[in-house]
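J.: Structure file structure-v7.cif (mmCIF, C-alpha atoms and all ligand atoms) is given on the next line.
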```
data_query
#
loop_
_atom_site.group_PDB
_atom_site.id
_atom_site.type_symbol
_atom_site.label_atom_id
_atom_site.label_comp_id
_atom_site.auth_asym_id
_atom_site.auth_seq_id
_atom_site.Cartn_x
_atom_site.Cartn_y
_atom_site.Cartn_z
ATOM 1 C CA MET S 1 -25.397 21.785 -17.643
ATOM 2 C CA ARG S 2 -24.616 23.838 -14.580
ATOM 3 C CA TRP S 3 -28.277 23.878 -13.511
ATOM 4 C CA LEU S 4 -28.339 20.083 -13.706
ATOM 5 C CA SER S 5 -25.405 19.632 -11.332
ATOM 6 C CA HIS S 6 -26.938 22.284 -9.088
ATOM 7 C CA LEU S 7 -30.215 20.358 -9.031
ATOM 8 C CA TYR S 8 -28.347 17.101 -8.373
ATOM 9 C CA ASN S 9 -26.503 18.668 -5.432
ATOM 10 C CA ARG S 10 -29.775 19.975 -3.979
ATOM 11 C CA ILE S 11 -31.403 16.535 -4.207
ATOM 12 C CA ARG S 12 -28.319 14.830 -2.776
ATOM 13 C CA ASP S 13 -28.202 17.298 0.112
ATOM 14 C CA ALA S 14 -31.858 16.657 0.845
ATOM 15 C CA PHE S 15 -31.573 12.873 0.934
ATOM 16 C CA MET S 16 -27.998 12.198 2.012
ATOM 17 C CA VAL S 17 -27.428 14.532 4.921
ATOM 18 C CA HIS S 18 -24.823 13.050 7.195
ATOM 19 C CA ILE S 19 -26.014 14.755 10.317
ATOM 20 C CA LYS S 20 -25.056 12.998 13.529
ATOM 21 C CA SER S 21 -27.267 12.800 16.584
ATOM 22 C CA LYS S 22 -26.044 13.963 19.977
ATOM 23 C CA ARG S 23 -25.546 10.336 20.983
ATOM 24 C CA GLU S 24 -23.496 9.608 17.846
ATOM 25 C CA ILE S 25 -21.328 12.655 18.449
ATOM 26 C CA GLU S 26 -20.645 11.441 21.996
ATOM 27 C CA ARG S 27 -19.553 8.092 20.580
ATOM 28 C CA LEU S 28 -17.260 9.834 18.088
ATOM 29 C CA ARG S 29 -15.840 11.944 20.889
ATOM 30 C CA GLU S 30 -14.975 8.778 22.824
ATOM 31 C CA SER S 31 -13.293 7.279 19.762
ATOM 32 C CA ALA S 32 -11.348 10.492 19.112
ATOM 33 C CA ASP S 33 -10.353 10.518 22.760
ATOM 34 C CA LEU S 34 -9.004 6.977 22.609
ATOM 35 C CA VAL S 35 -6.950 7.894 19.533
ATOM 36 C CA GLY S 36 -5.569 10.855 21.509
ATOM 37 C CA ARG S 37 -4.577 8.738 24.487
ATOM 38 C CA THR S 38 -3.042 6.191 22.098
ATOM 39 C CA LEU S 39 -1.015 8.861 20.298
ATOM 40 C CA ALA S 40 0.182 10.213 23.658
ATOM 41 C CA GLU S 41 1.356 6.709 24.587
ATOM 42 C CA VAL S 42 3.135 6.434 21.229
ATOM 43 C CA ALA S 43 4.660 9.904 21.752
ATOM 44 C CA ARG S 44 6.223 8.715 25.022
ATOM 45 C CA HIS S 45 8.140 6.099 23.013
ATOM 46 C CA ILE S 46 9.328 8.286 20.122
ATOM 47 C CA ASP S 47 13.101 8.603 20.279
ATOM 48 C CA VAL S 48 16.220 8.254 18.147
ATOM 49 C CA GLY S 49 16.822 4.545 17.497
ATOM 50 C CA VAL S 50 13.244 3.428 18.133
ATOM 51 C CA THR S 51 11.718 1.531 15.214
ATOM 52 C CA LEU S 52 8.380 2.196 13.564
ATOM 53 C CA GLU S 53 7.301 -1.392 14.330
ATOM 54 C CA GLU S 54 7.865 -0.774 18.048
ATOM 55 C CA LEU S 55 5.618 2.300 17.928
ATOM 56 C CA ASP S 56 2.994 0.301 16.069
ATOM 57 C CA ARG S 57 2.954 -2.373 18.791
ATOM 58 C CA VAL S 58 2.498 0.303 21.473
ATOM 59 C CA ALA S 59 -0.512 1.678 19.598
ATOM 60 C CA GLU S 60 -2.139 -1.683 18.893
ATOM 61 C CA ASP S 61 -1.770 -2.838 22.511
ATOM 62 C CA HIS S 62 -3.202 0.430 23.799
ATOM 63 C CA ILE S 63 -6.215 0.349 21.491
ATOM 64 C CA ARG S 64 -7.033 -3.313 22.169
ATOM 65 C CA THR S 65 -6.621 -3.060 25.956
ATOM 66 C CA HIS S 66 -9.190 -0.241 25.869
ATOM 67 C CA GLY S 67 -11.809 -2.408 24.200
ATOM 68 C CA ALA S 68 -11.410 -1.043 20.686
ATOM 69 C CA GLU S 69 -10.111 -2.270 17.330
ATOM 70 C CA PRO S 70 -7.393 -0.687 15.203
ATOM 71 C CA ALA S 71 -9.248 0.948 12.302
ATOM 72 C CA PHE S 72 -6.539 0.766 9.667
ATOM 73 C CA LYS S 73 -5.340 -2.832 10.221
ATOM 74 C CA GLY S 74 -7.014 -4.900 7.524
ATOM 75 C CA TYR S 75 -8.317 -1.819 5.688
ATOM 76 C CA GLN S 76 -8.608 -2.792 2.050
ATOM 77 C CA VAL S 77 -8.291 -0.799 -1.150
ATOM 78 C CA GLY S 78 -8.583 -3.105 -4.167
ATOM 79 C CA ASP S 79 -6.250 -6.037 -3.513
ATOM 80 C CA ASN S 80 -4.130 -4.075 -1.020
ATOM 81 C CA VAL S 81 -4.700 -4.732 2.669
ATOM 82 C CA PHE S 82 -3.098 -2.339 5.170
ATOM 83 C CA PRO S 83 -1.120 -4.535 7.587
ATOM 84 C CA ASN S 84 -0.712 -2.341 10.684
ATOM 85 C CA THR S 85 -2.376 -0.167 13.320
ATOM 86 C CA LEU S 86 -0.514 3.070 12.596
ATOM 87 C CA CYS S 87 0.437 4.798 9.398
ATOM 88 C CA THR S 88 4.008 5.961 9.995
ATOM 89 C CA SER S 89 5.371 8.297 7.323
ATOM 90 C CA VAL S 90 8.933 9.592 7.687
ATOM 91 C CA ASN S 91 10.301 12.717 5.979
ATOM 92 C CA ASP S 92 9.346 12.612 2.279
ATOM 93 C CA ALA S 93 6.636 10.009 2.977
ATOM 94 C CA VAL S 94 3.364 11.963 3.080
ATOM 95 C CA VAL S 95 0.851 9.462 4.505
ATOM 96 C CA HIS S 96 0.015 5.723 4.634
ATOM 97 C CA GLY S 97 3.577 4.589 5.461
ATOM 98 C CA ILE S 98 3.754 0.997 6.718
ATOM 99 C CA PRO S 99 5.588 0.592 10.053
ATOM 100 C CA ASP S 100 8.799 -1.407 9.530
ATOM 101 C CA ASP S 101 12.209 -1.856 11.143
ATOM 102 C CA TYR S 102 13.381 1.666 10.245
ATOM 103 C CA ALA S 103 15.045 3.179 13.326
ATOM 104 C CA LEU S 104 14.226 6.853 13.843
ATOM 105 C CA GLN S 105 17.046 9.349 13.348
ATOM 106 C CA ASP S 106 17.701 12.754 14.830
ATOM 107 C CA GLY S 107 15.908 15.391 12.755
ATOM 108 C CA ASP S 108 13.298 13.082 11.200
ATOM 109 C CA LEU S 109 9.782 14.337 10.618
ATOM 110 C CA LEU S 110 7.437 11.526 11.620
ATOM 111 C CA SER S 111 3.784 11.730 10.594
ATOM 112 C CA ILE S 112 1.618 9.295 12.525
ATOM 113 C CA ASP S 113 -1.990 8.645 11.595
ATOM 114 C CA CYS S 114 -4.015 6.556 14.038
ATOM 115 C CA GLY S 115 -7.492 5.088 13.754
ATOM 116 C CA ALA S 116 -9.610 3.157 16.233
ATOM 117 C CA MET S 117 -13.125 1.755 16.208
ATOM 118 C CA LEU S 118 -14.854 1.882 19.574
ATOM 119 C CA ASN S 119 -18.523 0.933 20.109
ATOM 120 C CA GLY S 120 -19.140 1.006 16.370
ATOM 121 C CA TYR S 121 -17.750 4.504 15.765
ATOM 122 C CA TYR S 122 -14.451 5.514 14.244
ATOM 123 C CA GLY S 123 -11.767 7.815 15.532
ATOM 124 C CA ASP S 124 -9.175 8.958 12.964
ATOM 125 C CA TRP S 125 -6.625 11.685 13.473
ATOM 126 C CA GLY S 126 -2.954 12.311 13.132
ATOM 127 C CA PHE S 127 0.049 14.382 14.054
ATOM 128 C CA THR S 128 3.514 15.123 12.659
ATOM 129 C CA PHE S 129 6.247 14.757 15.276
ATOM 130 C CA GLY S 130 9.822 15.984 15.211
ATOM 131 C CA VAL S 131 12.413 13.406 16.273
ATOM 132 C CA GLY S 132 15.193 15.085 18.259
ATOM 133 C CA ALA S 133 16.098 18.434 16.741
ATOM 134 C CA VAL S 134 14.282 19.211 13.473
ATOM 135 C CA SER S 135 15.549 21.814 11.008
ATOM 136 C CA GLU S 136 14.006 25.287 11.017
ATOM 137 C CA GLU S 137 12.669 24.602 7.489
ATOM 138 C CA ASP S 138 10.842 21.505 8.690
ATOM 139 C CA ALA S 139 9.525 23.278 11.793
ATOM 140 C CA ALA S 140 8.180 26.037 9.530
ATOM 141 C CA LEU S 141 6.481 23.410 7.344
ATOM 142 C CA CYS S 142 4.797 21.914 10.420
ATOM 143 C CA ARG S 143 3.727 25.383 11.572
ATOM 144 C CA ALA S 144 2.194 26.208 8.181
ATOM 145 C CA THR S 145 0.421 22.847 7.968
ATOM 146 C CA TYR S 146 -1.038 23.106 11.463
ATOM 147 C CA GLN S 147 -2.078 26.729 10.957
ATOM 148 C CA ALA S 148 -3.731 25.745 7.656
ATOM 149 C CA LEU S 149 -5.688 23.091 9.542
ATOM 150 C CA LEU S 150 -6.844 25.649 12.115
ATOM 151 C CA ASN S 151 -7.806 28.076 9.345
ATOM 152 C CA GLY S 152 -9.781 25.284 7.650
ATOM 153 C CA ILE S 153 -11.570 24.464 10.908
ATOM 154 C CA ASP S 154 -12.419 28.130 11.309
ATOM 155 C CA GLN S 155 -14.349 27.932 8.014
ATOM 156 C CA ALA S 156 -16.203 24.762 9.006
ATOM 157 C CA ARG S 157 -19.390 26.513 10.110
ATOM 158 C CA ALA S 158 -22.992 25.741 9.244
ATOM 159 C CA GLY S 159 -24.018 27.623 6.113
ATOM 160 C CA ARG S 160 -20.542 27.740 4.600
ATOM 161 C CA GLN S 161 -19.331 25.249 2.001
ATOM 162 C CA ILE S 162 -16.652 22.590 1.683
ATOM 163 C CA GLY S 163 -14.761 24.857 -0.736
ATOM 164 C CA ASP S 164 -14.404 27.462 2.034
ATOM 165 C CA ILE S 165 -12.455 24.937 4.127
ATOM 166 C CA SER S 166 -10.435 23.762 1.123
ATOM 167 C CA HIS S 167 -9.523 27.272 0.035
ATOM 168 C CA ALA S 168 -8.473 28.323 3.551
ATOM 169 C CA VAL S 169 -6.032 25.393 3.728
ATOM 170 C CA GLN S 170 -4.695 25.818 0.198
ATOM 171 C CA SER S 171 -4.212 29.582 0.290
ATOM 172 C CA HIS S 172 -2.370 29.548 3.620
ATOM 173 C CA CYS S 173 0.143 27.000 2.315
ATOM 174 C CA GLU S 174 0.571 28.042 -1.311
ATOM 175 C CA THR S 175 1.194 31.708 -0.508
ATOM 176 C CA GLN S 176 4.198 30.490 1.488
ATOM 177 C CA GLY S 177 5.449 28.349 -1.407
ATOM 178 C CA TYR S 178 4.450 24.958 -0.038
ATOM 179 C CA GLY S 179 2.988 22.174 -2.177
ATOM 180 C CA VAL S 180 -0.548 20.979 -1.439
ATOM 181 C CA VAL S 181 -1.116 17.259 -2.023
ATOM 182 C CA ARG S 182 -4.273 16.840 -4.116
ATOM 183 C CA GLU S 183 -4.493 13.076 -4.501
ATOM 184 C CA LEU S 184 -5.741 12.550 -0.934
ATOM 185 C CA VAL S 185 -8.507 14.338 0.912
ATOM 186 C CA GLY S 186 -10.261 14.679 4.254
ATOM 187 C CA HIS S 187 -13.664 13.073 4.748
ATOM 188 C CA GLY S 188 -16.766 12.579 6.812
ATOM 189 C CA ILE S 189 -16.543 10.125 9.693
ATOM 190 C CA GLY S 190 -18.998 8.124 11.771
ATOM 191 C CA GLN S 191 -19.881 4.438 11.604
ATOM 192 C CA GLY S 192 -17.804 4.516 8.445
ATOM 193 C CA LEU S 193 -14.109 5.411 8.478
ATOM 194 C CA HIS S 194 -14.446 7.428 5.282
ATOM 195 C CA GLU S 195 -17.895 8.921 4.770
ATOM 196 C CA ASP S 196 -19.139 11.669 2.469
ATOM 197 C CA PRO S 197 -18.399 14.450 1.927
ATOM 198 C CA GLN S 198 -14.805 14.548 0.752
ATOM 199 C CA VAL S 199 -12.830 17.487 2.129
ATOM 200 C CA PRO S 200 -10.073 18.424 -0.368
ATOM 201 C CA ASN S 201 -7.168 20.627 0.698
ATOM 202 C CA PHE S 202 -7.595 22.790 -2.403
ATOM 203 C CA GLY S 203 -10.620 24.506 -3.878
ATOM 204 C CA GLU S 204 -12.639 27.641 -4.387
ATOM 205 C CA PRO S 205 -14.592 29.486 -1.720
ATOM 206 C CA GLY S 206 -18.357 29.279 -2.123
ATOM 207 C CA GLN S 207 -18.171 25.919 -3.926
ATOM 208 C CA GLY S 208 -19.071 22.377 -2.971
ATOM 209 C CA ARG S 209 -21.335 20.789 -0.429
ATOM 210 C CA ARG S 210 -23.051 23.116 2.026
ATOM 211 C CA LEU S 211 -22.096 22.506 5.661
ATOM 212 C CA LYS S 212 -24.783 21.709 8.193
ATOM 213 C CA SER S 213 -24.709 21.615 11.950
ATOM 214 C CA GLY S 214 -24.000 18.067 13.137
ATOM 215 C CA MET S 215 -21.790 16.999 10.214
ATOM 216 C CA THR S 216 -18.641 15.292 11.478
ATOM 217 C CA LEU S 217 -15.529 15.780 9.377
ATOM 218 C CA CYS S 218 -11.860 14.885 9.356
ATOM 219 C CA ILE S 219 -9.864 17.829 8.020
ATOM 220 C CA GLU S 220 -6.330 16.795 7.162
ATOM 221 C CA PRO S 221 -3.913 18.970 5.189
ATOM 222 C CA MET S 222 -1.003 17.058 3.640
ATOM 223 C CA ILE S 223 1.582 19.700 2.798
ATOM 224 C CA ASN S 224 4.998 19.348 1.153
ATOM 225 C CA ARG S 225 8.071 21.553 1.510
ATOM 226 C CA GLY S 226 8.532 21.237 -2.250
ATOM 227 C CA GLY S 227 5.945 20.503 -4.927
ATOM 228 C CA GLY S 228 2.612 18.829 -4.211
ATOM 229 C CA GLU S 229 3.253 15.925 -6.616
ATOM 230 C CA VAL S 230 3.289 12.470 -5.058
ATOM 231 C CA THR S 231 3.980 8.880 -6.073
ATOM 232 C CA THR S 232 3.027 5.606 -4.391
ATOM 233 C CA ASP S 233 5.740 3.132 -3.377
ATOM 234 C CA SER S 234 5.768 -0.450 -4.638
ATOM 235 C CA ASP S 235 4.273 -1.514 -1.269
ATOM 236 C CA GLY S 236 0.993 -0.147 -2.660
ATOM 237 C CA TRP S 237 0.474 2.233 0.273
ATOM 238 C CA THR S 238 3.258 4.690 1.064
ATOM 239 C CA VAL S 239 2.516 8.033 -0.597
ATOM 240 C CA ARG S 240 5.748 9.956 -1.141
ATOM 241 C CA ALA S 241 6.676 13.444 -2.334
ATOM 242 C CA THR S 242 8.035 12.979 -5.850
ATOM 243 C CA ASP S 243 10.822 15.526 -5.306
ATOM 244 C CA GLY S 244 11.996 13.829 -2.107
ATOM 245 C CA LEU S 245 11.397 16.849 0.145
ATOM 246 C CA PRO S 246 9.721 16.454 3.560
ATOM 247 C CA SER S 247 5.974 16.485 4.124
ATOM 248 C CA ALA S 248 3.708 17.197 7.096
ATOM 249 C CA HIS S 249 0.178 16.045 7.984
ATOM 250 C CA TYR S 250 -2.106 17.167 10.808
ATOM 251 C CA GLU S 251 -5.637 15.811 11.139
ATOM 252 C CA HIS S 252 -8.480 16.880 13.415
ATOM 253 C CA MET S 253 -11.990 15.439 13.843
ATOM 254 C CA ILE S 254 -14.599 18.159 14.083
ATOM 255 C CA VAL S 255 -18.348 18.706 14.385
ATOM 256 C CA VAL S 256 -19.831 21.493 12.269
ATOM 257 C CA ARG S 257 -21.840 23.881 14.436
ATOM 258 C CA ASP S 258 -23.753 27.098 13.793
ATOM 259 C CA GLY S 259 -20.794 29.102 15.068
ATOM 260 C CA GLN S 260 -17.267 27.837 15.528
ATOM 261 C CA ALA S 261 -16.775 24.111 14.928
ATOM 262 C CA GLU S 262 -16.326 21.789 17.862
ATOM 263 C CA VAL S 263 -13.035 19.877 17.749
ATOM 264 C CA LEU S 264 -13.338 16.283 18.991
ATOM 265 C CA SER S 265 -9.647 15.408 18.755
ATOM 266 C CA ASP S 266 -7.339 16.923 21.353
ATOM 267 C CA PHE S 267 -3.706 17.685 20.444
ATOM 268 C CA GLY S 268 -3.237 18.514 24.138
ATOM 269 C CA TYR S 269 -2.728 14.794 24.816
ATOM 270 C CA ILE S 270 0.409 14.955 22.662
ATOM 271 C CA GLU S 271 1.541 18.465 23.617
ATOM 272 C CA ASP S 272 1.583 17.310 27.261
ATOM 273 C CA VAL S 273 4.147 14.638 26.364
ATOM 274 C CA VAL S 274 6.402 16.124 23.689
ATOM 275 C CA GLU S 275 7.380 19.526 22.358
ATOM 276 C CA PRO S 276 5.408 19.913 19.099
ATOM 277 C CA PRO S 277 7.558 20.845 16.076
ATOM 278 C CA TYR S 278 5.264 23.783 15.240
ATOM 279 C CA ALA S 279 6.002 25.616 18.530
ATOM 280 C CA LEU S 280 2.712 26.012 20.378
ATOM 281 C CA ASP S 281 2.773 29.778 20.888
ATOM 282 C CA SER S 282 3.243 30.438 17.160
ATOM 283 C CA VAL S 283 -0.150 29.195 15.962
ATOM 284 C CA GLN S 284 -3.362 31.164 16.230
ATOM 285 C CA GLU S 285 -6.469 29.248 17.239
ATOM 286 C CA THR S 286 -8.633 31.138 14.785
ATOM 287 C CA SER S 287 -7.675 33.022 11.663
ATOM 288 C CA THR S 288 -8.319 36.722 11.379
ATOM 289 C CA ARG S 289 -10.914 37.489 8.781
HETATM 290 MG MG MG H 301 -8.583 10.723 7.850
HETATM 291 MG MG MG H 302 -6.150 9.770 9.507
#
```
Starting from the file, give its structure as structure tokens.
T.:
Amino acid sequence: MRWLSHLYNRIRDAFMVHIKSKREIERLRESADLVGRTLAEVARHIDVGVTLEELDRVAEDHIRTHGAEPAFKGYQVGDNVFPNTLCTSVNDAVVHGIPDDYALQDGDLLSIDCGAMLNGYYGDWGFTFGVGAVSEEDAALCRATYQALLNGIDQARAGRQIGDISHAVQSHCETQGYGVVRELVGHGIGQGLHEDPQVPNFGEPGQGRRLKSGMTLCIEPMINRGGGEVTTDSDGWTVRATDGLPSAHYEHMIVVRDGQAEVLSDFGYIEDVVEPPYALDSVQETSTR
């Protein structure tokens, strides 16, 4: 039945191309930019003793005072409604952590995912911070996760396929012994927070949806120091590494182009405020192929 799925993919590609116009891409750039300025504001407040709820208030105020809406607050999956502006995931929490009264401790890894809707278009990207002094093992995890993201972006060129991105992320992390979380994936973005196509962090090169210039994607490796297995807390949201080891998550918003992808999200906003745990000079902007 391989020919049938091939035919289906061809028809789907022909009728469901999620190609954004220049105007739409400008809107997405503005939304990504607001998320960046919000994350920089949050970064200024990250410190030992600060609670996750405090950071969430900073983010919500910043988004609303700039004429936008938090994208995650009120987001519904089944009967579960996400209650906050930020996802704050500490240490073994992978993603979707709910901000609470937990006070940050020296050495914590803090993954923050932020979404905003501005003028009808979504921004969604995230960053893993180190609180105080992080261990060398955790810094190495952040480095591998961020480099995997850059390697994935390097594959996001018109004519290549989703599997090329997925494989670049997976191979960079698994060859170093890290666990790739498979339950959650990257996605298209636009007037919807999660659009097609899905962008898994594992897969085979030369497989999956073909990339076209003007597709806008969120690429977001979720990588564990131990195994890739995860469980969901009783709060219905927090995804946690089953073995209790720390996890990292970096997310960029990109536009597929004929050559190198254009990155709409700018980590520079954050790197201007805090020292990133991955050590800036240790990552290579493009992989060597
Ligand atoms: Mg996302
Ligand atoms: Mg996100």
J.: Could you tell me which residues the PyMOL selection byres (((not hetatm)) within 7 of (chain H and resi 302)) returns for this structure, as a ChimeraX atom specification?
T.: /S:113-115,124-126,251
J.: Just want the residues within 12 Å of ligand MG 301 (chain H), written as a PyMOL selection string, counting only C-alpha atoms and all ligand atoms.
T.: chain S and resi 32+71-72+87+95-96+112-116+122-127+184-190+192-196+198-200+216-222+249-254+265
J.: Any chance you could work out the residue set of the PyMOL selection byres (((chain S and resi 168-179) around 7) and not hetatm) here, as a ChimeraX atom specification?
T.: /S:144,148-149,151-152,164-167,180-181,201-202,221,223-228
J.: Counting all atoms listed in the file, what is within 12 Å of S:Ala133, bar same-chain residues fewer than 2 positions away, as an mmCIF file with C-alpha atoms, in the frame of the given file?
T.:
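Result file follows (around-v9.cif):
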```cif
data_model
loop_
_atom_site.group_PDB
_atom_site.id
_atom_site.type_symbol
_atom_site.label_atom_id
_atom_site.label_comp_id
_atom_site.auth_asym_id
_atom_site.auth_seq_id
_atom_site.Cartn_x
_atom_site.Cartn_y
_atom_site.Cartn_z
ATOM 1 C CA ASP S 47 13.101 8.603 20.279
ATOM 2 C CA VAL S 48 16.220 8.254 18.147
ATOM 3 C CA GLN S 105 17.046 9.349 13.348
ATOM 4 C CA ASP S 106 17.701 12.754 14.830
ATOM 5 C CA GLY S 107 15.908 15.391 12.755
ATOM 6 C CA ASP S 108 13.298 13.082 11.200
ATOM 7 C CA LEU S 109 9.782 14.337 10.618
ATOM 8 C CA PHE S 129 6.247 14.757 15.276
ATOM 9 C CA GLY S 130 9.822 15.984 15.211
ATOM 10 C CA VAL S 131 12.413 13.406 16.273
ATOM 11 C CA SER S 135 15.549 21.814 11.008
ATOM 12 C CA GLU S 136 14.006 25.287 11.017
ATOM 13 C CA GLU S 137 12.669 24.602 7.489
ATOM 14 C CA ASP S 138 10.842 21.505 8.690
ATOM 15 C CA ALA S 139 9.525 23.278 11.793
ATOM 16 C CA GLU S 275 7.380 19.526 22.358
ATOM 17 C CA PRO S 276 5.408 19.913 19.099
ATOM 18 C CA PRO S 277 7.558 20.845 16.076
#
```
J.: If the PyMOL selection byres (((chain S and resi 119) around 9) and not hetatm) is run on the structure shown, which residues does it catch, given as JSON, numbers by chain?
T.: {"S": [27, 31, 67, 68, 117, 118, 120, 121, 122]}
J.: For a test of reading the model, state the distance in Å between atom CA of S:Pro205 and atom CA of S:Asp154, rounded to one decimal.
T.: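 Result for atom CA of S:Pro205 versus atom CA of S:Asp154: 13.3 Å, one decimal.
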J.: I need the residue nearest S:Arg210 from this list: S:Leu55, S:Leu4, S:Leu110, S:Ala156. Use all atoms listed in the file for the distance.
T.: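 Using all atoms listed in the file, S:Arg210 sits closest to S:Ala156.
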